[in-house]
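Chemist: Please find one structure pasted underneath; my questions will follow.
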Amino acid sequence: MNIDTKKIKSMLDRKGRMKIFLSVCASCGACADSCFYYRNSGDPESTPSYKALNSLGIMFRKWKKLDYDDLTAMKKLIWGKCVMCRRCYCPLGIDISSAISWARTICRANGVYEDFSEGPSGIKDK
Ligand code: SF4
Ligand code: SF4
């Protein structure tokens, strides 16, 4: 399935500040303690910074080369490992949940979204 990279670029441009915020992430790990997904699992892919950098961060870095599979992989992070509780705290002021939320919006605009009929943990590939 094709995705519209120009549309993605246009949507990214509307959140240019998020690109700056994500670029200053120091990988300090402080946000991990505020996310129950990480605290319960210890899974490094569940840290808020990982989820934001590997969704919206990747979109900013390689929007021209993104394909449907990339967005599907992001879906597993931004829906499968985040409930948008907005508890993630970053001492540098990075609004991680907003970054994840915008990544969801961009995915949805390209036909990639959580299908709740798949069940509470049913993150399946389309
Ligand atoms: S707390 Fe902020 S700077 Fe540290 S890893 Fe998380 S997002 Fe990056
Ligand atoms: S918004 Fe997502 S990443 Fe942030 S603390 Fe909640 S579940 Fe974790």
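Chain labels run A, B, ... following the order of the structure tokens; each chain numbers its residues from 1, and ligands are numbered from 1 in the order shown.
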Counting only C-alpha atoms and all ligand atoms, what are the residues, protein, DNA or RNA alike, that approach ligand 1 to within 6 Å? I want them as a ChimeraX atom specification.
Modeler: /A:25-31,49,90-92,94
Chemist: With N, CA, C and O atoms retained, export the selected residues as a tab-separated table (two decimals), in the first residue's frame.
Modeler:
```tsv
chain	number	residue	atom	x	y	z
A	25	CYS	N	17.08	15.58	22.67
A	25	CYS	CA	17.00	14.45	23.61
A	25	CYS	C	18.41	13.97	23.94
A	25	CYS	O	19.20	13.66	23.04
A	26	ALA	N	18.69	13.91	25.24
A	26	ALA	CA	20.02	13.53	25.68
A	26	ALA	C	20.12	12.04	26.00
A	26	ALA	O	21.14	11.58	26.52
A	27	SER	N	19.05	11.30	25.71
A	27	SER	CA	19.03	9.87	26.01
A	27	SER	C	19.38	9.59	27.47
A	27	SER	O	20.04	8.60	27.78
A	28	CYS	N	18.91	10.47	28.34
A	28	CYS	CA	19.25	10.33	29.76
A	28	CYS	C	18.42	9.22	30.42
A	28	CYS	O	18.78	8.73	31.48
A	29	GLY	N	17.27	8.90	29.84
A	29	GLY	CA	16.44	7.83	30.38
A	29	GLY	C	15.51	8.26	31.49
A	29	GLY	O	14.76	7.44	32.03
A	30	ALA	N	15.53	9.55	31.85
A	30	ALA	CA	14.71	10.00	32.97
A	30	ALA	C	13.21	9.78	32.71
A	30	ALA	O	12.45	9.49	33.64
A	31	CYS	N	12.80	9.90	31.47
A	31	CYS	CA	11.37	9.76	31.17
A	31	CYS	C	10.89	8.32	31.37
A	31	CYS	O	9.70	8.08	31.57
A	49	SER	N	11.07	8.00	25.31
A	49	SER	CA	11.98	8.58	24.31
A	49	SER	C	12.14	7.63	23.13
A	49	SER	O	12.15	8.07	21.97
A	90	CYS	N	9.96	14.84	31.04
A	90	CYS	CA	11.31	15.06	30.53
A	90	CYS	C	11.87	16.33	31.16
A	90	CYS	O	11.28	17.41	31.02
A	91	PRO	N	13.00	16.24	31.85
A	91	PRO	CA	13.56	17.43	32.50
A	91	PRO	C	14.00	18.50	31.49
A	91	PRO	O	14.18	19.66	31.86
A	92	LEU	N	14.15	18.11	30.24
A	92	LEU	CA	14.51	19.10	29.22
A	92	LEU	C	13.28	19.73	28.57
A	92	LEU	O	13.40	20.58	27.69
A	94	ILE	N	10.90	18.21	26.81
A	94	ILE	CA	10.40	17.60	25.58
A	94	ILE	C	9.00	17.03	25.84
A	94	ILE	O	8.81	16.26	26.78
```
Chemist: Ligand 2: which residues are within 10 Å, counting only C-alpha atoms and all ligand atoms? Reply as a ChimeraX atom specification.
Modeler: /A:31-39,46-52,77-90,95-101
Chemist: Quick check, in Å to one decimal: how far apart do atom CA of Leu12 of chain A and atom CA of Met59 of chain A lie?
Modeler: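 Calculated distance between atom CA of Leu12 of chain A and atom CA of Met59 of chain A is 7.8 Å.
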Chemist: Which residue is closest to Ile106 of chain A? Choose from A:Ser23, A:Asn54, A:Ser10, A:Ser41 and count only C-alpha atoms.
Modeler: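 Among the listed residues, the smallest separation from Ile106 of chain A belongs to A:Ser10.
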Chemist: List the spatial neighbours of Arg14 of chain A as a list of chain:residue names - criterion: any atom at most 12 Å away, only C-alpha atoms, same-chain residues fewer than 6 positions off excluded.
Modeler: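 Listing them by chain and then by number gives A:Lys7, A:Ile8, A:Phe60, A:Trp102, A:Ile106.
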Chemist: So which one's closest to Asp69 of chain A, A:Glu45, A:Leu22, A:Gly16, A:Val112? Using only C-alpha atoms, please.
Modeler: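 Among A:Glu45, A:Leu22, A:Gly16, A:Val112, it is A:Val112 that comes nearest to Asp69 of chain A.
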Chemist: Give me, please, the distance in Å between atom CA of Asp67 of chain A and atom CA of Cys107 of chain A, quoted to one decimal.
Modeler: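 So the two atoms, atom CA of Asp67 of chain A and atom CA of Cys107 of chain A, lie 10.9 Å apart.
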Chemist: Run DSSP on the backbone of this structure and report the residues of chain A it assigns to helix (DSSP H, G or I), as a ChimeraX atom specification.
Modeler: /A:5-13,16-23,30-34,36-41,44-46,48-53,56-65,68-78,96-109,116-118
Chemist: Considering only C-alpha atoms, state which residue in the set A:Ile3, A:Asp43, A:Asp70, A:Asn110 is at the smallest distance from Ile58 of chain A.
Modeler: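 The answer is A:Asp70, which sits nearest to Ile58 of chain A.
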Chemist: Which one is closest to Arg61 of chain A: A:Arg104, A:Asp4, A:Lys75, A:Lys9? Count only C-alpha atoms.
Modeler: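 Result for the nearest residue to Arg61 of chain A: A:Lys9.
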Chemist: Have a look at atom CA of Arg17 of chain A and atom CA of Asp115 of chain A and let me know their distance in Å, one decimal.
Modeler: 29.8 Å
